[in-house]
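Chemist: Next up is a structure, given as structure tokens.
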Amino acid sequence: MAEAANINIDDAVLVRQCRRGDSTAMQRLLLKYQNRIYNVIFKMCQNVDDAAELTQDTFVKIIENIGNFRGQSSFYTWAFRIAVNLTLNYRSRAARGSHSSLDTADETDLQAKEALKQFLCDESSPDPAAVAANKELCELIVKALMELDDPQRAVVVLRDIEGMNYAQIAEVLDTELGTVKSRLSRARSNLKEIMESISK
Amino acid sequence: MKEIPNIDELLNSFIDGELSTRQLTEVQRLIANDKQVARRLGELKNCKMLVGSLPPAEAPAEMVSRIKASLAKETLLTQPAHGTETFDRRVGARHLLARKVVAAAAMIALVAGLVLTVYTIIGPETAPEGVLWTTDRPVAVEQWQPPVREVEVAVAEKPIAKPAADVMRFNGRLEVKTGDLVAVNAFINRAIEENGLSDYVSSEVEDRKSVYTINCSRQALALLLADLEYVWPRFDSPTLSVETGRIGDRIMVNEVSAEQVAGIVNQDNLNDCIKTARDFAVLNNMTLALPGKEVLAAIGSEAGHLITIPKPVLTSNERPLRKPAAQTEDGERVYLTIVISAGE
């Protein structure tokens, strides 16, 4: 969160330089955000090629429209709004032709399921490093995440992975703060149930 | 817990640090007093932690080059035509503006030159005393005679005499080229004869060159020049040189017209002649320097009428005008040499 706040100050300068046609400034913005935007997109679509393509499209849109960016919102939320909108639109089109299920979870290592079960019930705070180190466990979490509908997944990814606050999420999704709260609440509740279901 | 979704929202906001101080206090009290709420808080925290523990994905290394390639591709597909159009429009607008500025400057210079010329020619202080101007040619009022009478030629001295160095009068040399020397010679001889100037003109006609030396009154010369106006279009590069009275100093009027020669000759005194010649020299040189020289062409041909200055006419005198005598007093006589060379 603090990182996002620092970015805003630098972004204003870089954006001003970009609007003057400074390609170096644009490249700096690109390098600064490419991994974060890619990560959010990838967590929402879970496809390497799609994520790369959507990230590329996001930056092309940013560069093409930087001249129209009036600074009413921060560049940070503006850029992520473009990325999330592109991803949601893409997912919406792709969802018409395919449907995922939890069946594949049955093939996952039983140890991973057990680990997930323990983490969910753990009353003490689990160690994130231990979670990240367990590849099979991460796959289960991703599968659970992908079971959420796209708007709920978007809120969870923006909050728990990108680390945005509620106001920033509301800006990115162009929605009310209350909607963000209720959507995030439902998303976490659903996610917990899905994880419990997977871990059984 | 599903029956009380507001509790979930509060707990999530508590986890995310989005509660106000008052809400935070309430939630903390609720957690402390209700084990079920505390357990729910733990579940939600774990859920958040599990998602947040997913390792971050990194963009492909070639992302920057991919974006650049994509932009270049889009530029090739869409922007070039638009961009080129914009560039061309800008360049075109600049050229158009430059042309407008040059044209405006040329017009201003031309108008200024014309005004100067007009003022020089018809200015009241330069009007010869006793000489009336019609729209065609100057006429001496004092020497008015009924039209039926022949023009008297009063010769004060032997014609064709070179002007004495101490006599300040117009002395010029008009050099022209023509592709039809025979016809031009015939026309000039006829004009000399019709204006009664045969005795005041000496001519040397050779195969490729003719020289006419005229020594007569200003008015007679003006009449001759008026006639020469008809043959003027056959002249190529007519140049008038006017002696200033100082050795080696003369004024060259390039591309001079018949009206301009007459305007110079008909000044009151040599100083005015010189001044007028200078004005015409500047005007003509400026016109020659204009791009396209359209203005020069206009002045040289049909637009010659444009600079035919309406001369003041004596309205109080009801006597009809007559042709002036070829000669008057010695001080009014002028000297002009016309050199016609055969050209292409």
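By order of appearance in the structure tokens: chains A, B, ..., then residues from 1 within every chain, and ligands from 1 in the order shown.
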Could you give me, as a Markdown table, a per-residue list for chain B showing, wherever an atom lies at most 9 Å from an atom of chain A, the closest pair of atoms and their distance in Å to one decimal, using only C-alpha atoms and sorting by chain then residue number from low to high?

Modeler:
```
| residue | atom | partner | partner_atom | distance |
| --- | --- | --- | --- | --- |
| B:Lys2 | CA | A:Ser189 | CA | 8.7 |
| B:Pro5 | CA | A:Ser185 | CA | 7.8 |
| B:Asn6 | CA | A:Ser182 | CA | 8.3 |
| B:Asp8 | CA | A:Ser185 | CA | 6.0 |
| B:Glu9 | CA | A:Ser185 | CA | 5.3 |
| B:Leu10 | CA | A:Lys181 | CA | 8.7 |
| B:Leu11 | CA | A:Ser185 | CA | 8.6 |
| B:Asn12 | CA | A:Ser185 | CA | 6.3 |
| B:Ser13 | CA | A:Lys181 | CA | 7.4 |
| B:Asp16 | CA | A:Asn165 | CA | 7.8 |
| B:Gly17 | CA | A:Asn165 | CA | 8.8 |
| B:Glu18 | CA | A:Tyr166 | CA | 7.5 |
| B:Arg39 | CA | A:Glu123 | CA | 7.8 |
| B:Gly42 | CA | A:Glu123 | CA | 6.1 |
| B:Glu43 | CA | A:Leu120 | CA | 6.2 |
| B:Leu44 | CA | A:Arg188 | CA | 6.7 |
| B:Lys45 | CA | A:Ser125 | CA | 8.0 |
| B:Asn46 | CA | A:Leu120 | CA | 5.9 |
| B:Cys47 | CA | A:Lys192 | CA | 6.1 |
| B:Lys48 | CA | A:Asp160 | CA | 6.2 |
| B:Met49 | CA | A:Pro128 | CA | 6.7 |
| B:Leu50 | CA | A:Val131 | CA | 7.0 |
| B:Val51 | CA | A:Asp160 | CA | 6.5 |
| B:Gly52 | CA | A:Asp160 | CA | 5.1 |
| B:Ser53 | CA | A:Pro128 | CA | 5.0 |
| B:Leu54 | CA | A:Ala132 | CA | 5.6 |
| B:Pro55 | CA | A:Ala132 | CA | 5.8 |
| B:Pro56 | CA | A:Asn39 | CA | 6.0 |
| B:Ala57 | CA | A:Asn39 | CA | 4.9 |
| B:Glu58 | CA | A:Asn35 | CA | 5.1 |
| B:Ala59 | CA | A:Asn35 | CA | 4.9 |
| B:Pro60 | CA | A:Ala52 | CA | 7.0 |
| B:Met63 | CA | A:Gln56 | CA | 6.9 |
| B:Val64 | CA | A:Leu30 | CA | 7.4 |
| B:Arg66 | CA | A:Gln56 | CA | 6.9 |
| B:Ile67 | CA | A:Gln56 | CA | 5.4 |
| B:Lys68 | CA | A:Val60 | CA | 8.4 |
| B:Ser70 | CA | A:Val60 | CA | 7.3 |
| B:Leu71 | CA | A:Val60 | CA | 6.3 |
```

Chemist: Any idea what the distance is between atom CA of B:Ser237 and atom CA of B:Ile264?

Modeler: 17.9 Å

Chemist: Set the distance at 12 Å and use only C-alpha atoms: which residues neighbour B:Ile188 once local chain neighbours fewer than 4 positions away are removed? I'd like the list as a ChimeraX atom specification.

Modeler: /B:181-184,192-195,197-198,201,203,205,210-214,224-232,338-340

Chemist: May I ask for the distance between atom CA of A:Asp174 and atom CA of A:Ala12, given in Å to one decimal place?

Modeler: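 Computing it gives 21.0 Å between the two atoms.
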
Chemist: Work out how far atom CA of B:Thr239 is from atom CA of B:Met252, in Å to one decimal.

Modeler: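 The value is 6.7 Å.
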
Chemist: Would you kindly return, as a list in words, each protein, DNA or RNA residue with an atom no farther than 9 Å from any atom of B:Gly263, considering only C-alpha atoms and excluding same-chain residues fewer than 5 positions away?

Modeler: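 Surrounding residues, per the criterion: Ile121, Ala222, Ala258, Cys273, Thr276 and Ala277 of chain B.
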
Chemist: Could you tell me, as a ChimeraX atom specification, which residues of chain A DSSP assigns to alpha helix (DSSP H) when given the backbone?

Modeler: /A:2-19,23-45,48-65,75-95,110-121,128-133,135-147,150-156,166-173,177-199
